[in-house]
$ cat entry.pdb   # PDB, C-alpha atoms
MODEL        1
ATOM      1  CA  MET I   6     101.402 239.151 141.771
ATOM      2  CA  THR I   7      98.145 238.851 139.866
ATOM      3  CA  LEU I   8      94.832 238.116 141.590
ATOM      4  CA  GLY I   9      92.056 235.949 140.228
ATOM      5  CA  VAL I  10      88.790 236.475 142.092
ATOM      6  CA  ASN I  11      86.598 233.392 142.270
ATOM      7  CA  ILE I  12      82.965 234.524 142.242
ATOM      8  CA  ASP I  13      81.367 231.088 142.770
ATOM      9  CA  HIS I  14      80.174 232.034 146.247
ATOM     10  CA  ILE I  15      77.978 234.790 144.867
ATOM     11  CA  ALA I  16      76.134 232.023 143.035
ATOM     12  CA  VAL I  17      76.102 229.996 146.276
ATOM     13  CA  LEU I  18      74.119 232.828 147.900
ATOM     14  CA  ARG I  19      71.741 232.896 144.958
ATOM     15  CA  GLU I  20      71.177 229.150 145.078
ATOM     16  CA  ALA I  21      70.333 229.294 148.796
ATOM     17  CA  ARG I  22      66.979 230.803 147.801
ATOM     18  CA  LYS I  23      66.780 229.495 144.213
ATOM     19  CA  ILE I  24      66.078 232.942 142.811
ATOM     20  CA  ASN I  25      68.003 235.254 140.469
ATOM     21  CA  ASP I  26      69.614 237.437 143.129
ATOM     22  CA  PRO I  27      72.502 238.057 143.563
ATOM     23  CA  ASP I  28      73.608 237.743 139.966
ATOM     24  CA  PRO I  29      77.328 236.799 139.639
ATOM     25  CA  LEU I  30      77.508 238.853 136.442
ATOM     26  CA  MET I  31      77.173 242.048 138.482
ATOM     27  CA  ALA I  32      80.534 241.330 140.153
ATOM     28  CA  LEU I  33      82.561 241.606 136.965
ATOM     29  CA  ALA I  34      82.909 245.373 136.684
ATOM     30  CA  ILE I  35      83.392 245.787 140.435
ATOM     31  CA  CYS I  36      86.216 243.240 140.479
ATOM     32  CA  ALA I  37      87.889 244.871 137.478
ATOM     33  CA  GLN I  38      87.612 248.371 138.948
ATOM     34  CA  SER I  39      88.957 247.165 142.311
ATOM     35  CA  GLY I  40      92.191 245.667 141.039
ATOM     36  CA  ALA I  41      91.387 242.056 140.158
ATOM     37  CA  ASP I  42      93.339 240.671 137.217
ATOM     38  CA  GLN I  43      91.174 237.658 136.422
ATOM     39  CA  ILE I  44      87.738 236.174 137.084
ATOM     40  CA  THR I  45      87.630 232.534 138.154
ATOM     41  CA  ILE I  46      84.543 230.302 138.153
ATOM     42  CA  HIS I  47      83.995 226.564 138.603
ATOM     43  CA  LEU I  48      81.393 224.817 136.454
ATOM     44  CA  ARG I  49      80.675 221.721 138.531
ATOM     45  CA  GLU I  50      78.968 218.611 137.199
ATOM     46  CA  ASP I  51      76.125 219.021 139.720
ATOM     47  CA  ARG I  52      75.764 222.768 138.921
ATOM     48  CA  ARG I  53      75.573 223.520 142.639
ATOM     49  CA  HIS I  54      76.428 227.168 142.092
ATOM     50  CA  ILE I  55      77.603 228.343 138.658
ATOM     51  CA  HIS I  56      75.250 227.248 135.874
ATOM     52  CA  ASP I  57      75.918 226.881 132.156
ATOM     53  CA  GLU I  58      74.178 230.200 131.422
ATOM     54  CA  ASP I  59      76.238 231.926 134.120
ATOM     55  CA  ALA I  60      79.420 230.674 132.496
ATOM     56  CA  ARG I  61      78.284 231.789 129.051
ATOM     57  CA  ARG I  62      77.304 235.281 130.209
ATOM     58  CA  ILE I  63      80.429 235.768 132.333
ATOM     59  CA  ILE I  64      82.829 234.690 129.588
ATOM     60  CA  SER I  65      80.980 236.832 127.061
ATOM     61  CA  ALA I  66      80.794 239.967 129.220
ATOM     62  CA  SER I  67      83.893 239.915 131.438
ATOM     63  CA  PRO I  68      86.350 242.792 130.987
ATOM     64  CA  LEU I  69      88.976 240.483 132.548
ATOM     65  CA  PRO I  70      90.286 237.083 131.414
ATOM     66  CA  VAL I  71      88.127 234.222 132.680
ATOM     67  CA  ASN I  72      89.658 231.110 134.226
ATOM     68  CA  LEU I  73      87.077 228.300 134.062
ATOM     69  CA  GLU I  74      87.712 225.478 136.523
ATOM     70  CA  CYS I  75      86.253 222.127 135.532
ATOM     71  CA  ALA I  76      86.521 218.367 135.855
ATOM     72  CA  ILE I  77      87.722 216.233 132.951
ATOM     73  CA  GLU I  78      84.217 214.805 132.441
ATOM     74  CA  PRO I  79      83.607 214.839 128.652
ATOM     75  CA  SER I  80      80.262 216.682 128.694
ATOM     76  CA  ILE I  81      81.798 219.480 130.778
ATOM     77  CA  ILE I  82      84.845 219.714 128.516
ATOM     78  CA  ASN I  83      82.547 220.009 125.498
ATOM     79  CA  ILE I  84      80.906 223.024 127.143
ATOM     80  CA  VAL I  85      84.306 224.540 127.920
ATOM     81  CA  CYS I  86      85.397 224.125 124.316
ATOM     82  CA  SER I  87      82.231 225.812 123.082
ATOM     83  CA  LEU I  88      82.604 228.744 125.504
ATOM     84  CA  LYS I  89      86.340 229.233 124.903
ATOM     85  CA  PRO I  90      87.426 230.894 128.164
ATOM     86  CA  HIS I  91      90.889 232.400 128.387
ATOM     87  CA  ARG I  92      92.012 229.455 130.514
ATOM     88  CA  ALA I  93      90.654 226.098 131.660
ATOM     89  CA  THR I  94      91.926 224.774 134.997
ATOM     90  CA  LEU I  95      91.398 221.031 135.320
ATOM     91  CA  VAL I  96      90.449 220.047 138.860
ATOM     92  CA  PRO I  97      89.371 216.878 140.668
ATOM     93  CA  GLU I  98      85.719 216.741 141.619
ATOM     94  CA  LYS I  99      83.552 214.608 143.911
ATOM     95  CA  ARG I 100      79.799 215.073 144.194
ATOM     96  CA  GLU I 101      79.851 214.634 147.982
ATOM     97  CA  GLU I 102      82.627 217.123 148.766
ATOM     98  CA  VAL I 103      81.901 220.571 150.186
ATOM     99  CA  THR I 104      84.839 222.057 148.275
ATOM    100  CA  THR I 105      87.774 220.690 146.289
ATOM    101  CA  GLU I 106      89.690 218.444 148.665
ATOM    102  CA  GLY I 107      93.004 217.919 146.903
ATOM    103  CA  GLY I 108      94.942 218.123 143.685
ATOM    104  CA  LEU I 109      94.242 216.361 140.419
ATOM    105  CA  ASP I 110      95.703 212.842 140.190
ATOM    106  CA  VAL I 111      97.832 213.618 137.159
ATOM    107  CA  ILE I 112      99.683 210.313 137.374
ATOM    108  CA  GLY I 113      96.752 207.936 137.893
ATOM    109  CA  ASN I 114      94.583 209.718 135.295
ATOM    110  CA  TYR I 115      97.398 210.611 132.914
ATOM    111  CA  ASN I 116      95.845 209.305 129.679
ATOM    112  CA  SER I 117      92.395 210.778 130.349
ATOM    113  CA  ILE I 118      93.932 214.125 131.223
ATOM    114  CA  LEU I 119      96.126 214.024 128.110
ATOM    115  CA  ASN I 120      93.080 213.437 125.890
ATOM    116  CA  THR I 121      91.335 216.380 127.549
ATOM    117  CA  ILE I 122      94.386 218.603 127.141
ATOM    118  CA  ASN I 123      94.619 217.767 123.446
ATOM    119  CA  LEU I 124      90.978 218.726 122.938
ATOM    120  CA  LEU I 125      91.431 222.030 124.774
ATOM    121  CA  LYS I 126      94.549 222.790 122.742
ATOM    122  CA  GLU I 127      92.610 222.197 119.530
ATOM    123  CA  ASN I 128      90.270 224.933 120.725
ATOM    124  CA  GLU I 129      93.162 227.282 121.590
ATOM    125  CA  ILE I 130      92.350 227.371 125.312
ATOM    126  CA  GLU I 131      95.181 227.923 127.774
ATOM    127  CA  ILE I 132      95.447 225.048 130.268
ATOM    128  CA  SER I 133      96.303 224.794 133.951
ATOM    129  CA  LEU I 134      96.310 221.736 136.200
ATOM    130  CA  PHE I 135      95.270 222.061 139.853
ATOM    131  CA  ILE I 136      97.750 219.787 141.633
ATOM    132  CA  ASP I 137      99.155 218.961 145.028
ATOM    133  CA  PRO I 138     102.556 220.603 145.680
ATOM    134  CA  THR I 139     104.715 217.559 144.906
ATOM    135  CA  ARG I 140     107.576 217.098 142.464
ATOM    136  CA  GLU I 141     105.922 213.986 141.022
ATOM    137  CA  ALA I 142     102.764 215.923 140.123
ATOM    138  CA  ILE I 143     104.822 218.741 138.625
ATOM    139  CA  GLU I 144     106.900 216.370 136.497
ATOM    140  CA  ALA I 145     103.724 214.718 135.179
ATOM    141  CA  SER I 146     102.225 218.139 134.438
ATOM    142  CA  GLU I 147     105.297 219.165 132.486
ATOM    143  CA  ARG I 148     105.123 215.953 130.438
ATOM    144  CA  LEU I 149     101.449 216.660 129.706
ATOM    145  CA  GLY I 150     102.472 219.887 128.014
ATOM    146  CA  VAL I 151     100.365 222.436 129.897
ATOM    147  CA  GLN I 152     101.295 226.082 130.367
ATOM    148  CA  TRP I 153     100.296 226.405 134.049
ATOM    149  CA  VAL I 154     100.064 224.508 137.292
ATOM    150  CA  GLU I 155      98.026 225.771 140.222
ATOM    151  CA  LEU I 156      99.333 224.516 143.549
ATOM    152  CA  HIS I 157      96.741 223.363 146.060
ATOM    153  CA  THR I 158      97.355 225.363 149.253
ATOM    154  CA  GLY I 159      94.616 223.696 151.305
ATOM    155  CA  SER I 160      96.865 221.802 153.717
ATOM    156  CA  TYR I 161      98.805 224.953 154.569
ATOM    157  CA  ALA I 162      95.617 227.012 154.923
ATOM    158  CA  ASN I 163      93.832 224.465 157.112
ATOM    159  CA  LEU I 164      96.797 224.084 159.441
ATOM    160  CA  TYR I 165      97.174 227.860 159.658
ATOM    161  CA  ALA I 166      93.500 228.180 160.569
ATOM    162  CA  MET I 167      93.862 225.535 163.275
ATOM    163  CA  ARG I 168      96.767 227.455 164.761
ATOM    164  CA  HIS I 169      95.291 230.930 164.555
ATOM    165  CA  SER I 170      91.498 230.563 164.730
ATOM    166  CA  ALA I 171      88.667 228.570 166.270
ATOM    167  CA  LEU I 172      88.895 225.848 163.626
ATOM    168  CA  PRO I 173      89.721 223.079 166.163
ATOM    169  CA  HIS I 174      86.261 223.685 167.646
ATOM    170  CA  THR I 175      84.449 223.285 164.319
ATOM    171  CA  HIS I 176      83.412 220.263 162.291
ATOM    172  CA  HIS I 177      86.483 220.396 160.042
ATOM    173  CA  ALA I 178      88.115 216.973 159.731
ATOM    174  CA  ILE I 179      91.603 218.265 160.427
ATOM    175  CA  SER I 180      90.549 219.217 163.967
ATOM    176  CA  ALA I 181      90.652 215.498 164.773
ATOM    177  CA  LEU I 182      94.434 215.679 164.643
ATOM    178  CA  ASN I 183      94.449 217.231 168.142
ATOM    179  CA  LEU I 184      97.912 218.721 167.721
ATOM    180  CA  SER I 185      99.779 220.960 170.131
ATOM    181  CA  ARG I 186     100.699 224.494 169.058
ATOM    182  CA  ARG I 187     104.326 223.479 168.573
ATOM    183  CA  GLU I 188     103.282 220.505 166.453
ATOM    184  CA  LEU I 189     101.013 222.763 164.401
ATOM    185  CA  ASP I 190     103.853 225.243 163.863
ATOM    186  CA  ASP I 191     106.052 222.413 162.593
ATOM    187  CA  LYS I 192     103.346 221.147 160.241
ATOM    188  CA  ILE I 193     102.645 224.649 158.925
ATOM    189  CA  GLU I 194     106.343 225.033 158.182
ATOM    190  CA  GLN I 195     106.403 221.681 156.396
ATOM    191  CA  ALA I 196     103.304 222.483 154.331
ATOM    192  CA  TYR I 197     104.673 225.894 153.414
ATOM    193  CA  GLY I 198     108.059 224.402 152.528
ATOM    194  CA  ALA I 199     106.357 221.945 150.178
ATOM    195  CA  ILE I 200     104.673 224.839 148.357
ATOM    196  CA  VAL I 201     107.958 226.751 148.060
ATOM    197  CA  ASP I 202     109.794 223.702 146.734
ATOM    198  CA  ALA I 203     107.006 222.842 144.284
ATOM    199  CA  ALA I 204     106.774 226.401 142.960
ATOM    200  CA  ASN I 205     110.525 226.647 142.448
ATOM    201  CA  TYR I 206     110.681 223.256 140.757
ATOM    202  CA  ALA I 207     107.742 224.010 138.461
ATOM    203  CA  ARG I 208     109.283 227.287 137.382
ATOM    204  CA  SER I 209     112.616 225.531 136.708
ATOM    205  CA  LEU I 210     110.761 223.246 134.277
ATOM    206  CA  GLY I 211     109.280 226.217 132.440
ATOM    207  CA  LEU I 212     105.798 226.095 133.933
ATOM    208  CA  LYS I 213     103.892 229.165 135.071
ATOM    209  CA  VAL I 214     102.779 228.824 138.691
ATOM    210  CA  ALA I 215      99.535 229.833 140.367
ATOM    211  CA  ALA I 216      98.274 228.906 143.833
ATOM    212  CA  GLY I 217      94.966 228.752 145.614
ATOM    213  CA  HIS I 218      92.517 227.131 147.998
ATOM    214  CA  GLY I 219      91.805 228.319 151.515
ATOM    215  CA  LEU I 220      93.838 231.498 151.174
ATOM    216  CA  ASN I 221      92.556 234.506 153.110
ATOM    217  CA  TYR I 222      93.592 237.894 154.483
ATOM    218  CA  GLN I 223      95.457 236.311 157.402
ATOM    219  CA  ASN I 224      97.476 233.576 155.691
ATOM    220  CA  VAL I 225      98.137 234.922 152.192
ATOM    221  CA  THR I 226     101.292 237.007 152.800
ATOM    222  CA  PRO I 227     103.738 234.071 153.097
ATOM    223  CA  ILE I 228     102.399 232.719 149.795
ATOM    224  CA  VAL I 229     102.759 236.149 148.150
ATOM    225  CA  ASN I 230     106.408 236.141 149.248
ATOM    226  CA  ILE I 231     107.187 233.082 147.111
ATOM    227  CA  ASP I 232     108.794 234.710 144.071
ATOM    228  CA  THR I 233     108.094 231.830 141.704
ATOM    229  CA  ILE I 234     104.315 232.045 142.215
ATOM    230  CA  GLU I 235     102.844 234.676 139.906
ATOM    231  CA  GLU I 236      99.092 234.299 140.429
ATOM    232  CA  LEU I 237      96.649 233.603 143.253
ATOM    233  CA  ASN I 238      93.036 232.498 142.831
ATOM    234  CA  ILE I 239      90.954 233.392 145.884
ATOM    235  CA  GLY I 240      87.215 233.283 146.350
ATOM    236  CA  GLN I 241      85.466 232.371 149.590
ATOM    237  CA  SER I 242      87.373 234.736 151.865
ATOM    238  CA  ILE I 243      86.836 237.680 149.493
ATOM    239  CA  ILE I 244      83.105 237.064 149.119
ATOM    240  CA  ALA I 245      82.773 236.481 152.882
ATOM    241  CA  ARG I 246      84.428 239.825 153.646
ATOM    242  CA  SER I 247      82.290 241.559 151.033
ATOM    243  CA  VAL I 248      79.188 240.807 153.118
ATOM    244  CA  PHE I 249      80.518 243.298 155.667
ATOM    245  CA  THR I 250      82.664 245.722 153.633
ATOM    246  CA  GLY I 251      81.294 245.541 150.105
ATOM    247  CA  LEU I 252      82.862 243.712 147.188
ATOM    248  CA  SER I 253      85.007 246.603 146.005
ATOM    249  CA  SER I 254      86.761 246.978 149.365
ATOM    250  CA  ALA I 255      87.134 243.221 149.771
ATOM    251  CA  VAL I 256      88.839 242.870 146.390
ATOM    252  CA  SER I 257      91.056 245.938 146.777
ATOM    253  CA  ASP I 258      92.135 244.855 150.265
ATOM    254  CA  MET I 259      93.197 241.447 148.942
ATOM    255  CA  LYS I 260      94.903 242.984 145.924
ATOM    256  CA  ALA I 261      96.935 245.198 148.271
ATOM    257  CA  LEU I 262      98.142 242.100 150.111
ATOM    258  CA  CYS I 263      99.222 240.586 146.798
ATOM    259  CA  GLN I 264     101.705 243.383 146.152
ATOM    260  CA  ARG I 265     105.318 242.360 146.722
TER     261      ARG I 265
ENDMDL
END
$ encode --input "entry.pdb" --output "structure tokens"
Amino acid sequence: MTLGVNIDHIAVLREARKINDPDPLMALAICAQSGADQITIHLREDRRHIHDEDARRIISASPLPVNLECAIEPSIINIVCSLKPHRATLVPEKREEVTTEGGLDVIGNYNSILNTINLLKENEIEISLFIDPTREAIEASERLGVQWVELHTGSYANLYAMRHSALPHTHHAISALNLSRRELDDKIEQAYGAIVDAANYARSLGLKVAAGHGLNYQNVTPIVNIDTIEELNIGQSIIARSVFTGLSSAVSDMKALCQR
């Protein structure tokens, strides 16, 4: 299974002090040497971490393919078309969210997404849609004519963290569910089953399948074991571990877990 390393959180550290250190560009060679297969970045409308110049430099210098996540906002898509990354992953985006909260509404925004897809195709950019693991979203994605879907694993990851960590004692909204361990186990199984079913269905329709969001060293193995998923995009947990172990070890440790 291939591993895309999302380096946004290096830019998050930089923006905490509004200086030029650490520079996300410095991660590229380390990630490549440590087993990563792809670099992933998210150019948000509010530029809260990755900036336009970051995206330009990373796409220009990366020894690995670059997957540029972005909203369907026209000014952002124009930048994507000018930069020509290997792949553009269309994601939902809210200014007030801490991180992406769910999959793209491919049914409700079908026409807008189709117009965006056509523009990206004109610029010979591979396209993925970040969607919730439902058959309806997969069917709409297939009709839209994209090559990839990336399944949102956030529900599974959040439930797993509630069951196996101190998450119920944090500010995370899901802690309000106040579920018993048995109830959490059932919900984890349901969330995981939805990912399995969605991945299998997407592959049966000829789509390539990636997955990501909230995946870490503790919860990733069950996702790796889904044969119809061929790529994971993981960021926060890798960058968090790198604070203690160094980026090379953090990437290589995750890559080892991605081996079937």
$ resolve_selection --input "entry.pdb" --expression "the PyMOL selection byres ((chain I and resi 226) around 12)" --output "ChimeraX atom specification"
/I:6,162,197,220-225,227-232,237,259-265
$ write_last_selection --input "entry.pdb" --atoms "C-alpha atoms" --output "short mmCIF file (atom, residue, chain, number, x, y, z; two decimals), keeping the file's coordinate frame"
data_model
loop_
_atom_site.label_atom_id
_atom_site.label_comp_id
_atom_site.auth_asym_id
_atom_site.auth_seq_id
_atom_site.Cartn_x
_atom_site.Cartn_y
_atom_site.Cartn_z
CA MET I 6 101.40 239.15 141.77
CA ALA I 162 95.62 227.01 154.92
CA TYR I 197 104.67 225.89 153.41
CA LEU I 220 93.84 231.50 151.17
CA ASN I 221 92.56 234.51 153.11
CA TYR I 222 93.59 237.89 154.48
CA GLN I 223 95.46 236.31 157.40
CA ASN I 224 97.48 233.58 155.69
CA VAL I 225 98.14 234.92 152.19
CA PRO I 227 103.74 234.07 153.10
CA ILE I 228 102.40 232.72 149.79
CA VAL I 229 102.76 236.15 148.15
CA ASN I 230 106.41 236.14 149.25
CA ILE I 231 107.19 233.08 147.11
CA ASP I 232 108.79 234.71 144.07
CA LEU I 237 96.65 233.60 143.25
CA MET I 259 93.20 241.45 148.94
CA LYS I 260 94.90 242.98 145.92
CA ALA I 261 96.94 245.20 148.27
CA LEU I 262 98.14 242.10 150.11
CA CYS I 263 99.22 240.59 146.80
CA GLN I 264 101.70 243.38 146.15
CA ARG I 265 105.32 242.36 146.72
#
$ atom_distance --input "entry.pdb" --atom1 "atom CA of I:Leu252" --atom2 "atom CA of I:Cys36"
7.5 Å
$ resolve_selection --input "entry.pdb" --expression "the PyMOL selection byres ((chain I and resi 146) around 12)" --output "MDAnalysis selection string"
chainID I and resid 95 108:112 114:116 118:119 122 132:145 147:156 203 206:208 210:214
$ atom_distance --input "entry.pdb" --atom1 "atom CA of I:Pro70" --atom2 "atom CA of I:Arg53"
22.9 Å
$ residues_around --input "entry.pdb" --residues "I:Ala196" --least-positions-apart "6" --cutoff "10 Å" --atoms "only C-alpha atoms" --output "NGL selection string"
:I and (138 or 158-162 or 164-165 or 190)
$ resolve_selection --input "entry.pdb" --expression "the PyMOL selection byres ((chain I and resi 255) around 10)" --output "VMD selection string"
chain I and resid 36 39 222 242 to 254 256 to 260
$ write_last_selection --input "entry.pdb" --atoms "C-alpha atoms" --output "JSON list (two decimals), in the frame of the given file"
[["chain", "number", "residue", "atom", "x", "y", "z"],
["I", 36, "CYS", "CA", 86.22, 243.24, 140.48],
["I", 39, "SER", "CA", 88.96, 247.16, 142.31],
["I", 222, "TYR", "CA", 93.59, 237.89, 154.48],
["I", 242, "SER", "CA", 87.37, 234.74, 151.86],
["I", 243, "ILE", "CA", 86.84, 237.68, 149.49],
["I", 244, "ILE", "CA", 83.10, 237.06, 149.12],
["I", 245, "ALA", "CA", 82.77, 236.48, 152.88],
["I", 246, "ARG", "CA", 84.43, 239.82, 153.65],
["I", 247, "SER", "CA", 82.29, 241.56, 151.03],
["I", 248, "VAL", "CA", 79.19, 240.81, 153.12],
["I", 249, "PHE", "CA", 80.52, 243.30, 155.67],
["I", 250, "THR", "CA", 82.66, 245.72, 153.63],
["I", 251, "GLY", "CA", 81.29, 245.54, 150.10],
["I", 252, "LEU", "CA", 82.86, 243.71, 147.19],
["I", 253, "SER", "CA", 85.01, 246.60, 146.00],
["I", 254, "SER", "CA", 86.76, 246.98, 149.36],
["I", 256, "VAL", "CA", 88.84, 242.87, 146.39],
["I", 257, "SER", "CA", 91.06, 245.94, 146.78],
["I", 258, "ASP", "CA", 92.14, 244.86, 150.26],
["I", 259, "MET", "CA", 93.20, 241.45, 148.94],
["I", 260, "LYS", "CA", 94.90, 242.98, 145.92]]
$ atom_distance --input "entry.pdb" --atom1 "atom CA of I:Ile44" --atom2 "atom CA of I:Asp202"
27.1 Å
$ residues_around --input "entry.pdb" --residues "I:Glu74" --least-positions-apart "4" --cutoff "7 Å" --atoms "all atoms listed in the file" --output "number ranges by chain"
I: 46-48, 93-96
